[in-house]
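Peer 1: Quick one, start35.cif (mmCIF, C-alpha atoms and all ligand atoms):
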data_target
loop_
_atom_site.group_PDB
_atom_site.id
_atom_site.type_symbol
_atom_site.label_atom_id
_atom_site.label_comp_id
_atom_site.auth_asym_id
_atom_site.auth_seq_id
_atom_site.Cartn_x
_atom_site.Cartn_y
_atom_site.Cartn_z
ATOM 1 C CA MET A 1 66.582 59.960 140.190
ATOM 2 C CA ILE A 2 64.532 60.256 137.010
ATOM 3 C CA LYS A 3 64.543 58.375 133.727
ATOM 4 C CA GLU A 4 63.823 60.705 130.861
ATOM 5 C CA THR A 5 63.906 60.588 127.087
ATOM 6 C CA CYS A 6 65.775 63.725 126.065
ATOM 7 C CA LYS A 7 65.930 65.371 122.669
ATOM 8 C CA VAL A 8 69.247 66.610 121.286
ATOM 9 C CA LEU A 9 69.119 70.405 120.999
ATOM 10 C CA SER A 10 72.683 70.906 119.843
ATOM 11 C CA GLN A 11 76.044 69.252 119.518
ATOM 12 C CA LYS A 12 79.190 71.367 119.274
ATOM 13 C CA LYS A 13 82.863 70.497 118.970
ATOM 14 C CA VAL A 14 84.755 72.598 121.544
ATOM 15 C CA ALA A 15 88.259 71.106 121.339
ATOM 16 C CA PRO A 16 89.963 68.256 119.495
ATOM 17 C CA GLY A 17 87.917 65.159 120.357
ATOM 18 C CA HIS A 18 85.694 67.063 122.815
ATOM 19 C CA PHE A 19 82.024 67.949 122.330
ATOM 20 C CA VAL A 20 79.285 69.754 124.211
ATOM 21 C CA LEU A 21 75.948 68.021 123.899
ATOM 22 C CA THR A 22 72.836 69.942 124.949
ATOM 23 C CA LEU A 23 69.681 67.978 125.694
ATOM 24 C CA GLU A 24 66.127 69.106 126.255
ATOM 25 C CA SER A 25 64.876 68.061 129.669
ATOM 26 C CA GLN A 26 61.732 68.840 131.616
ATOM 27 C CA LYS A 27 62.651 66.960 134.768
ATOM 28 C CA ILE A 28 66.334 66.075 135.234
ATOM 29 C CA SER A 29 67.625 69.585 134.565
ATOM 30 C CA LYS A 30 65.395 71.130 137.251
ATOM 31 C CA SER A 31 67.103 69.386 140.160
ATOM 32 C CA ALA A 32 70.655 68.976 138.830
ATOM 33 C CA GLN A 33 73.411 70.139 141.190
ATOM 34 C CA PRO A 34 77.067 70.790 140.299
ATOM 35 C CA GLY A 35 79.085 67.620 140.776
ATOM 36 C CA GLN A 36 76.124 65.355 140.025
ATOM 37 C CA PHE A 37 76.006 63.406 136.794
ATOM 38 C CA VAL A 38 73.697 61.683 134.315
ATOM 39 C CA GLN A 39 73.894 58.188 132.906
ATOM 40 C CA ILE A 40 73.340 58.369 129.150
ATOM 41 C CA LEU A 41 72.582 55.321 127.046
ATOM 42 C CA CYS A 42 74.614 56.227 123.993
ATOM 43 C CA ALA A 43 72.576 54.200 121.477
ATOM 44 C CA ASP A 44 69.119 52.690 121.132
ATOM 45 C CA SER A 45 70.573 49.366 120.082
ATOM 46 C CA MET A 46 72.266 46.865 122.410
ATOM 47 C CA ASP A 47 75.678 48.070 121.299
ATOM 48 C CA PRO A 48 77.043 49.690 123.410
ATOM 49 C CA LEU A 49 74.895 48.098 126.065
ATOM 50 C CA LEU A 50 75.829 50.098 129.143
ATOM 51 C CA PRO A 51 75.097 53.755 129.821
ATOM 52 C CA ARG A 52 77.980 56.165 130.357
ATOM 53 C CA PRO A 53 78.319 58.746 133.151
ATOM 54 C CA PHE A 54 78.686 62.447 132.299
ATOM 55 C CA SER A 55 78.889 65.371 134.724
ATOM 56 C CA PHE A 56 76.640 68.333 134.162
ATOM 57 C CA LEU A 57 78.345 71.250 132.449
ATOM 58 C CA ASP A 58 75.404 73.628 132.553
ATOM 59 C CA THR A 59 71.697 73.484 133.306
ATOM 60 C CA ASP A 60 68.577 75.574 133.234
ATOM 61 C CA SER A 61 64.963 74.640 133.819
ATOM 62 C CA LYS A 62 64.480 73.206 130.310
ATOM 63 C CA LYS A 63 67.825 71.822 129.235
ATOM 64 C CA PHE A 64 71.236 70.634 130.333
ATOM 65 C CA SER A 65 74.633 70.202 128.705
ATOM 66 C CA VAL A 66 77.446 67.737 129.141
ATOM 67 C CA LEU A 67 81.006 68.056 127.864
ATOM 68 C CA TYR A 68 82.593 64.787 126.821
ATOM 69 C CA HIS A 69 85.755 63.383 125.312
ATOM 70 C CA VAL A 70 85.457 60.795 122.553
ATOM 71 C CA VAL A 71 87.343 57.839 123.984
ATOM 72 C CA GLY A 72 85.459 54.736 122.859
ATOM 73 C CA LYS A 73 82.490 53.318 121.026
ATOM 74 C CA GLY A 74 79.864 54.892 123.315
ATOM 75 C CA THR A 75 81.168 58.445 123.065
ATOM 76 C CA GLN A 76 81.856 57.995 119.346
ATOM 77 C CA THR A 77 78.173 57.081 118.872
ATOM 78 C CA LEU A 78 77.221 60.090 120.964
ATOM 79 C CA SER A 79 79.317 62.428 118.827
ATOM 80 C CA LYS A 80 77.389 61.392 115.703
ATOM 81 C CA LEU A 81 73.995 62.365 117.128
ATOM 82 C CA LYS A 82 72.138 65.144 115.364
ATOM 83 C CA LYS A 83 69.673 67.751 116.537
ATOM 84 C CA GLY A 84 66.215 66.232 117.120
ATOM 85 C CA GLU A 85 67.419 62.700 117.888
ATOM 86 C CA THR A 86 66.590 61.319 121.324
ATOM 87 C CA LEU A 87 68.492 59.595 124.113
ATOM 88 C CA SER A 88 67.570 57.721 127.251
ATOM 89 C CA VAL A 89 68.966 59.506 130.315
ATOM 90 C CA LEU A 90 68.968 58.681 134.022
ATOM 91 C CA GLY A 91 69.692 61.381 136.575
ATOM 92 C CA PRO A 92 70.612 63.430 138.407
ATOM 93 C CA CYS A 93 72.852 60.769 139.981
ATOM 94 C CA GLY A 94 75.067 61.005 143.057
ATOM 95 C CA ASN A 95 75.771 63.982 145.282
ATOM 96 C CA GLY A 96 77.255 67.357 144.433
ATOM 97 C CA PHE A 97 79.721 69.939 145.720
ATOM 98 C CA SER A 98 78.597 71.835 148.775
ATOM 99 C CA TYR A 99 79.658 75.369 149.607
ATOM 100 C CA ASP A 100 79.172 76.760 153.090
ATOM 101 C CA PRO A 101 78.222 80.439 152.731
ATOM 102 C CA PHE A 102 78.835 80.992 156.460
ATOM 103 C CA SER A 103 82.385 79.691 156.397
ATOM 104 C CA PRO A 104 85.073 82.295 157.134
ATOM 105 C CA ARG A 105 86.865 80.757 154.163
ATOM 106 C CA LYS A 106 85.359 82.975 151.465
ATOM 107 C CA GLN A 107 87.802 82.177 148.664
ATOM 108 C CA VAL A 108 86.911 79.278 146.403
ATOM 109 C CA SER A 109 89.709 77.581 144.506
ATOM 110 C CA LEU A 110 88.565 75.270 141.715
ATOM 111 C CA ILE A 111 91.321 73.041 140.407
ATOM 112 C CA GLY A 112 90.710 70.916 137.359
ATOM 113 C CA GLY A 113 91.868 69.382 134.151
ATOM 114 C CA GLY A 114 90.482 67.337 131.279
ATOM 115 C CA VAL A 115 86.839 66.336 131.614
ATOM 116 C CA GLY A 116 87.055 67.329 135.270
ATOM 117 C CA ILE A 117 86.335 70.875 134.094
ATOM 118 C CA PRO A 118 82.540 70.589 133.449
ATOM 119 C CA PRO A 119 81.398 70.164 137.083
ATOM 120 C CA LEU A 120 83.713 73.010 138.142
ATOM 121 C CA TYR A 121 82.205 75.324 135.512
ATOM 122 C CA HIS A 122 78.697 74.341 136.612
ATOM 123 C CA PHE A 123 79.704 74.970 140.219
ATOM 124 C CA ALA A 124 81.242 78.385 139.438
ATOM 125 C CA LYS A 125 77.965 79.444 137.802
ATOM 126 C CA GLN A 126 75.958 78.261 140.777
ATOM 127 C CA LEU A 127 78.240 80.112 143.213
ATOM 128 C CA LEU A 128 77.745 83.326 141.245
ATOM 129 C CA ARG A 129 73.973 82.818 141.365
ATOM 130 C CA GLN A 130 74.334 82.395 145.131
ATOM 131 C CA LYS A 131 75.983 85.831 145.201
ATOM 132 C CA VAL A 132 79.532 84.626 145.812
ATOM 133 C CA ARG A 133 81.663 87.409 144.346
ATOM 134 C CA ALA A 134 83.456 86.577 141.106
ATOM 135 C CA LYS A 135 86.704 87.913 142.563
ATOM 136 C CA ASN A 136 86.453 85.234 145.286
ATOM 137 C CA ILE A 137 86.351 82.393 142.744
ATOM 138 C CA HIS A 138 89.603 81.222 141.171
ATOM 139 C CA ILE A 139 89.826 78.448 138.595
ATOM 140 C CA PHE A 140 93.208 76.774 138.159
ATOM 141 C CA GLN A 141 93.062 74.864 134.951
ATOM 142 C CA GLY A 142 95.608 72.483 133.483
ATOM 143 C CA ALA A 143 95.961 70.727 130.146
ATOM 144 C CA ARG A 144 98.580 69.098 127.942
ATOM 145 C CA ASP A 145 98.234 71.809 125.328
ATOM 146 C CA LYS A 146 96.313 75.084 124.899
ATOM 147 C CA SER A 147 93.858 73.449 122.498
ATOM 148 C CA LEU A 148 92.717 71.230 125.396
ATOM 149 C CA LEU A 149 92.027 74.032 127.875
ATOM 150 C CA LEU A 150 88.307 73.337 127.976
ATOM 151 C CA TYR A 151 85.971 76.262 128.593
ATOM 152 C CA GLU A 152 88.778 78.695 129.395
ATOM 153 C CA LYS A 153 86.990 81.532 127.543
ATOM 154 C CA GLU A 154 83.686 80.704 129.233
ATOM 155 C CA PHE A 155 85.296 80.896 132.677
ATOM 156 C CA LYS A 156 86.756 84.288 131.745
ATOM 157 C CA ARG A 157 83.303 85.444 130.627
ATOM 158 C CA LEU A 158 82.003 84.654 134.121
ATOM 159 C CA GLY A 159 84.488 87.198 135.465
ATOM 160 C CA VAL A 160 86.228 84.750 137.809
ATOM 161 C CA TRP A 161 90.020 84.551 138.185
ATOM 162 C CA VAL A 162 91.487 82.158 135.638
ATOM 163 C CA SER A 163 95.008 80.705 135.892
ATOM 164 C CA VAL A 164 96.205 78.135 133.419
ATOM 165 C CA ALA A 165 99.145 75.813 133.024
ATOM 166 C CA THR A 166 99.994 73.606 130.090
ATOM 167 C CA ASP A 167 102.493 70.763 129.869
ATOM 168 C CA ASN A 168 104.168 72.284 126.807
ATOM 169 C CA GLY A 169 103.860 75.946 127.825
ATOM 170 C CA SER A 170 101.627 76.785 124.840
ATOM 171 C CA ARG A 171 99.417 78.831 127.209
ATOM 172 C CA GLY A 172 99.937 80.057 130.743
ATOM 173 C CA ASP A 173 102.659 78.563 132.888
ATOM 174 C CA LYS A 174 104.643 75.596 131.625
ATOM 175 C CA GLY A 175 104.151 72.664 133.990
ATOM 176 C CA PHE A 176 101.555 71.321 136.356
ATOM 177 C CA VAL A 177 98.499 73.262 137.396
ATOM 178 C CA THR A 178 99.099 72.087 140.960
ATOM 179 C CA ASP A 179 102.462 73.925 140.954
ATOM 180 C CA LEU A 180 100.598 77.050 139.923
ATOM 181 C CA PHE A 181 98.127 76.541 142.753
ATOM 182 C CA HIS A 182 100.965 75.899 145.191
ATOM 183 C CA GLU A 183 102.618 79.185 144.207
ATOM 184 C CA ASP A 184 99.332 80.934 144.860
ATOM 185 C CA LEU A 185 99.133 79.381 148.326
ATOM 186 C CA GLN A 186 102.701 80.433 149.059
ATOM 187 C CA HIS A 187 101.660 84.023 148.468
ATOM 188 C CA GLY A 188 99.320 83.733 151.435
ATOM 189 C CA GLY A 189 95.628 83.319 152.000
ATOM 190 C CA ALA A 190 95.606 79.551 152.634
ATOM 191 C CA ASP A 191 93.471 80.182 155.721
ATOM 192 C CA LYS A 192 90.778 81.835 153.577
ATOM 193 C CA VAL A 193 90.452 79.158 150.898
ATOM 194 C CA GLN A 194 88.248 76.140 150.312
ATOM 195 C CA ILE A 195 89.181 73.763 147.506
ATOM 196 C CA PHE A 196 87.051 71.862 144.999
ATOM 197 C CA THR A 197 88.760 69.624 142.493
ATOM 198 C CA CYS A 198 88.020 67.265 139.634
ATOM 199 C CA GLY A 199 90.307 65.846 136.986
ATOM 200 C CA PRO A 200 93.032 63.275 136.443
ATOM 201 C CA THR A 201 93.815 61.180 139.535
ATOM 202 C CA ALA A 202 97.480 62.264 139.678
ATOM 203 C CA MET A 203 96.404 65.916 139.706
ATOM 204 C CA MET A 204 93.813 65.327 142.424
ATOM 205 C CA LYS A 205 96.334 63.443 144.572
ATOM 206 C CA ALA A 206 98.701 66.423 144.301
ATOM 207 C CA VAL A 207 95.840 68.769 145.256
ATOM 208 C CA LEU A 208 95.047 66.562 148.229
ATOM 209 C CA THR A 209 98.685 66.670 149.396
ATOM 210 C CA LEU A 210 98.625 70.475 149.247
ATOM 211 C CA ALA A 211 95.244 70.635 150.989
ATOM 212 C CA GLN A 212 96.540 68.435 153.800
ATOM 213 C CA GLY A 213 99.832 70.302 154.043
ATOM 214 C CA TYR A 214 98.102 73.665 154.433
ATOM 215 C CA GLY A 215 95.086 72.343 156.368
ATOM 216 C CA ILE A 216 92.587 73.466 153.722
ATOM 217 C CA PRO A 217 89.169 71.800 153.419
ATOM 218 C CA CYS A 218 88.902 70.092 150.054
ATOM 219 C CA GLN A 219 86.120 68.332 148.146
ATOM 220 C CA VAL A 220 87.052 65.909 145.402
ATOM 221 C CA SER A 221 84.824 64.629 142.606
ATOM 222 C CA VAL A 222 86.232 61.211 141.753
ATOM 223 C CA GLU A 223 86.219 59.819 138.243
ATOM 224 C CA VAL A 224 85.650 56.086 138.282
ATOM 225 C CA PRO A 225 83.978 53.756 135.773
ATOM 226 C CA MET A 226 80.246 53.554 136.419
ATOM 227 C CA ALA A 227 78.041 50.908 134.873
ATOM 228 C CA CYS A 228 74.651 51.377 136.519
ATOM 229 C CA GLY A 229 74.822 54.737 138.308
ATOM 230 C CA PHE A 230 72.445 53.785 141.114
ATOM 231 C CA GLY A 231 74.289 51.446 143.455
ATOM 232 C CA ALA A 232 73.380 48.070 141.912
ATOM 233 C CA CYS A 233 76.564 46.796 140.242
ATOM 234 C CA LEU A 234 79.088 47.834 142.955
ATOM 235 C CA GLY A 235 81.601 48.515 140.200
ATOM 236 C CA CYS A 236 82.425 52.038 141.320
ATOM 237 C CA ALA A 237 83.740 51.373 144.835
ATOM 238 C CA VAL A 238 86.349 53.741 146.270
ATOM 239 C CA LYS A 239 88.192 53.292 149.558
ATOM 240 C CA VAL A 240 87.286 55.774 152.282
ATOM 241 C CA ARG A 241 88.023 56.188 155.948
ATOM 242 C CA GLU A 242 85.843 58.211 158.275
ATOM 243 C CA GLU A 243 87.401 59.562 161.436
ATOM 244 C CA GLY A 244 87.905 56.851 164.040
ATOM 245 C CA CYS A 245 86.702 54.059 161.720
ATOM 246 C CA GLU A 246 88.370 51.328 159.706
ATOM 247 C CA PRO A 247 88.655 51.926 155.941
ATOM 248 C CA ARG A 248 85.674 50.721 153.914
ATOM 249 C CA PHE A 249 84.525 50.799 150.327
ATOM 250 C CA ALA A 250 82.053 53.532 149.414
ATOM 251 C CA ILE A 251 79.860 53.385 146.330
ATOM 252 C CA ALA A 252 80.919 56.408 144.298
ATOM 253 C CA CYS A 253 77.721 56.692 142.255
ATOM 254 C CA THR A 254 75.451 57.042 145.287
ATOM 255 C CA GLU A 255 77.715 58.145 148.178
ATOM 256 C CA GLY A 256 79.817 60.285 145.799
ATOM 257 C CA PRO A 257 81.098 61.188 143.316
ATOM 258 C CA VAL A 258 82.015 64.106 145.605
ATOM 259 C CA PHE A 259 83.930 63.138 148.750
ATOM 260 C CA LEU A 260 85.824 65.069 151.352
ATOM 261 C CA ALA A 261 89.472 64.718 150.417
ATOM 262 C CA SER A 262 90.210 63.797 154.027
ATOM 263 C CA GLU A 263 87.948 60.723 153.690
ATOM 264 C CA LEU A 264 89.513 59.266 150.566
ATOM 265 C CA VAL A 265 92.187 56.592 150.863
ATOM 266 C CA TRP A 266 94.423 56.836 147.795
ATOM 267 C CA ASP A 267 96.431 53.619 147.603
HETATM 268 FE FE1 LIG B 1 76.911 50.576 139.678
HETATM 269 FE FE2 LIG B 1 77.997 52.488 141.151
HETATM 270 S S1 LIG B 1 77.979 52.342 139.031
HETATM 271 S S2 LIG B 1 77.094 50.665 141.811
#
Please, can you express the file's structure as structure tokens?
Ligand code: FES

Peer 2:
Amino acid sequence: MIKETCKVLSQKKVAPGHFVLTLESQKISKSAQPGQFVQILCADSMDPLLPRPFSFLDTDSKKFSVLYHVVGKGTQTLSKLKKGETLSVLGPCGNGFSYDPFSPRKQVSLIGGGVGIPPLYHFAKQLLRQKVRAKNIHIFQGARDKSLLLYEKEFKRLGVWVSVATDNGSRGDKGFVTDLFHEDLQHGGADKVQIFTCGPTAMMKAVLTLAQGYGIPCQVSVEVPMACGFGACLGCAVKVREEGCEPRFAIACTEGPVFLASELVWD
């Protein structure tokens, strides 16, 4: 994990209340993996005091981007930053998604919503670089409304399959994205799929139920509050159970944020 002072290269509004912030980085960006995150101190002052976690949206050797939703003082401060200003960043933190290229399950289903979309976009790009065929990658994306379908166009530009559902039917199917995914499974191919998911807890629980029901391997990137990002505050514990063991609390910022769905205990 590296501490780096990063310069703002750009800041762009991509949806109501959502921004993509691109930061110059010589070190962090080089080793960032999809699913990992950075801790960004949103202001130089003591207010807000604690850094905030943000998943990588995109990286190259000299810069990385994060996509965030303005939900409080920290992200509001972040949204006011201009090109050339600097930020203190710690990362890459945690683990990332892992894809087994030798698995007979060649189809990758990415299921996400809200600010769970950035790590899935980053992952889709990495899979394409690893020569996974675009036609074998399918993003199922859900949102309340079409204006909140983050990075839908960018996914389409990658050439991957894109299926969307919105609560109000303003784009794609009306209803839950997990229903859309379920329909896809009912049309066959469950034995060829591996699942990666990130988004609202209710959505991920529904994905987990489907994964268990169809016996599909599933990796989940959990979203929990993170104060330190390196295992010191113990504020990000999630309950897990490894096979044959009693449940225990895992530290999401160091042992996660990506877990096997089969390990997570959702109370
Ligand atoms: Fe502090 Fe995980 S955020 S231990």

Peer 1: Collect all residues with atoms no farther than 10 Å from ligand LIG 1 (chain B), counting all atoms listed in the file, and output them as a PyMOL selection string.

Peer 2: chain A and resi 39+51-53+93-94+224-238+250-257

Peer 1: Which value, in Å to one decimal, gives the distance between CA of Gly189 in chain A and CA of Val177 in chain A?

Peer 2: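 According to the coordinates, CA of Gly189 in chain A and CA of Val177 in chain A are separated by 18.0 Å.
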
Peer 1: Between A:Met1, A:Lys7, A:Gln36, A:His182, which has the minimum distance to Ser221 in chain A (counting only C-alpha atoms)?

Peer 2: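 Under the stated criterion, the closest residue is A:Gln36.
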
Peer 1: When the PyMOL selection byres (((chain A and resi 264-266) around 7) and not hetatm) is applied to the file above, which residues end up in the set, as a list in words?

Peer 2: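 For this structure, the PyMOL selection byres (((chain A and resi 264-266) around 7) and not hetatm) captures Lys239, Val240, Arg241, Leu260, Ala261, Ser262, Glu263 and Asp267 of chain A.
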
Peer 1: Evaluated on this file, the PyMOL selection byres (((chain A and resi 213) around 12) and not hetatm) picks out some residues - which ones are they, written as a list of chain:residue names?

Peer 2: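 Taken over the shown coordinates, the PyMOL selection byres (((chain A and resi 213) around 12) and not hetatm) returns A:His182, A:Leu185, A:Gln186, A:Ala190, A:Asp191, A:Ala206, A:Val207, A:Leu208, A:Thr209, A:Leu210, A:Ala211, A:Gln212, A:Tyr214, A:Gly215, A:Ile216, A:Pro217, A:Cys218, A:Ser262.
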
Peer 1: So which residues get picked by the PyMOL selection byres (((chain A and resi 159-173) around 9) and not hetatm) here, written as an NGL selection string?

Peer 2: :A and (124 or 133-149 or 152 or 155-158 or 174-181)

Peer 1: Since the input has fewer atoms than a full residue there, write range 150-185 of chain A out with N, CA and C atoms, as a tab-separated table (two decimals), in the coordinates of the input.

Peer 2:
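Written out: result06.tsv:
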chain	number	residue	atom	x	y	z
A	150	LEU	N	89.75	73.33	128.21
A	150	LEU	CA	88.31	73.34	127.98
A	150	LEU	C	87.63	74.48	128.73
A	151	TYR	N	86.82	75.22	128.01
A	151	TYR	CA	85.97	76.26	128.59
A	151	TYR	C	86.75	77.40	129.26
A	152	GLU	N	87.98	77.59	128.83
A	152	GLU	CA	88.78	78.69	129.40
A	152	GLU	C	88.08	80.05	129.15
A	153	LYS	N	87.64	80.24	127.88
A	153	LYS	CA	86.99	81.53	127.54
A	153	LYS	C	85.72	81.72	128.35
A	154	GLU	N	84.96	80.62	128.51
A	154	GLU	CA	83.69	80.70	129.23
A	154	GLU	C	83.91	81.05	130.70
A	155	PHE	N	84.97	80.52	131.30
A	155	PHE	CA	85.30	80.90	132.68
A	155	PHE	C	85.61	82.39	132.73
A	156	LYS	N	86.39	82.86	131.76
A	156	LYS	CA	86.76	84.29	131.74
A	156	LYS	C	85.51	85.15	131.62
A	157	ARG	N	84.56	84.69	130.80
A	157	ARG	CA	83.30	85.44	130.63
A	157	ARG	C	82.53	85.56	131.94
A	158	LEU	N	82.70	84.58	132.82
A	158	LEU	CA	82.00	84.65	134.12
A	158	LEU	C	82.62	85.73	135.02
A	159	GLY	N	83.82	86.15	134.67
A	159	GLY	CA	84.49	87.20	135.46
A	159	GLY	C	85.30	86.66	136.62
A	160	VAL	N	85.45	85.33	136.71
A	160	VAL	CA	86.23	84.75	137.81
A	160	VAL	C	87.72	84.81	137.45
A	161	TRP	N	88.58	84.61	138.45
A	161	TRP	CA	90.02	84.55	138.18
A	161	TRP	C	90.32	83.26	137.43
A	162	VAL	N	91.13	83.36	136.40
A	162	VAL	CA	91.49	82.16	135.64
A	162	VAL	C	93.01	82.06	135.57
A	163	SER	N	93.57	80.94	136.03
A	163	SER	CA	95.01	80.70	135.89
A	163	SER	C	95.19	79.38	135.18
A	164	VAL	N	96.05	79.37	134.19
A	164	VAL	CA	96.20	78.14	133.42
A	164	VAL	C	97.66	77.70	133.37
A	165	ALA	N	97.82	76.40	133.22
A	165	ALA	CA	99.14	75.81	133.02
A	165	ALA	C	99.01	74.73	131.96
A	166	THR	N	100.00	74.67	131.10
A	166	THR	CA	99.99	73.61	130.09
A	166	THR	C	101.32	72.86	130.15
A	167	ASP	N	101.27	71.58	129.80
A	167	ASP	CA	102.49	70.76	129.87
A	167	ASP	C	103.59	71.32	128.96
A	168	ASN	N	103.16	71.83	127.77
A	168	ASN	CA	104.17	72.28	126.81
A	168	ASN	C	104.36	73.81	126.82
A	169	GLY	N	103.69	74.49	127.73
A	169	GLY	CA	103.86	75.95	127.82
A	169	GLY	C	103.17	76.72	126.71
A	170	SER	N	102.27	76.08	125.95
A	170	SER	CA	101.63	76.78	124.84
A	170	SER	C	100.63	77.83	125.34
A	171	ARG	N	100.20	77.76	126.57
A	171	ARG	CA	99.42	78.83	127.21
A	171	ARG	C	99.66	78.79	128.72
A	172	GLY	N	99.74	79.98	129.30
A	172	GLY	CA	99.94	80.06	130.74
A	172	GLY	C	101.31	79.54	131.16
A	173	ASP	N	101.38	79.08	132.39
A	173	ASP	CA	102.66	78.56	132.89
A	173	ASP	C	102.98	77.20	132.27
A	174	LYS	N	104.25	76.92	132.10
A	174	LYS	CA	104.64	75.60	131.62
A	174	LYS	C	104.79	74.69	132.84
A	175	GLY	N	104.04	73.59	132.86
A	175	GLY	CA	104.15	72.66	133.99
A	175	GLY	C	102.79	72.27	134.52
A	176	PHE	N	102.79	71.84	135.77
A	176	PHE	CA	101.56	71.32	136.36
A	176	PHE	C	100.71	72.43	136.97
A	177	VAL	N	99.42	72.27	136.83
A	177	VAL	CA	98.50	73.26	137.40
A	177	VAL	C	98.61	73.28	138.92
A	178	THR	N	98.98	72.15	139.50
A	178	THR	CA	99.10	72.09	140.96
A	178	THR	C	100.30	72.93	141.44
A	179	ASP	N	101.34	73.05	140.58
A	179	ASP	CA	102.46	73.92	140.95
A	179	ASP	C	101.99	75.38	140.98
A	180	LEU	N	101.16	75.70	140.01
A	180	LEU	CA	100.60	77.05	139.92
A	180	LEU	C	99.77	77.35	141.18
A	181	PHE	N	98.97	76.38	141.56
A	181	PHE	CA	98.13	76.54	142.75
A	181	PHE	C	99.00	76.66	144.00
A	182	HIS	N	100.06	75.86	144.04
A	182	HIS	CA	100.96	75.90	145.19
A	182	HIS	C	101.59	77.29	145.32
A	183	GLU	N	102.02	77.83	144.19
A	183	GLU	CA	102.62	79.18	144.21
A	183	GLU	C	101.62	80.18	144.78
A	184	ASP	N	100.37	80.03	144.37
A	184	ASP	CA	99.33	80.93	144.86
A	184	ASP	C	99.20	80.81	146.38
A	185	LEU	N	99.24	79.59	146.88
A	185	LEU	CA	99.13	79.38	148.33
A	185	LEU	C	100.32	80.00	149.06
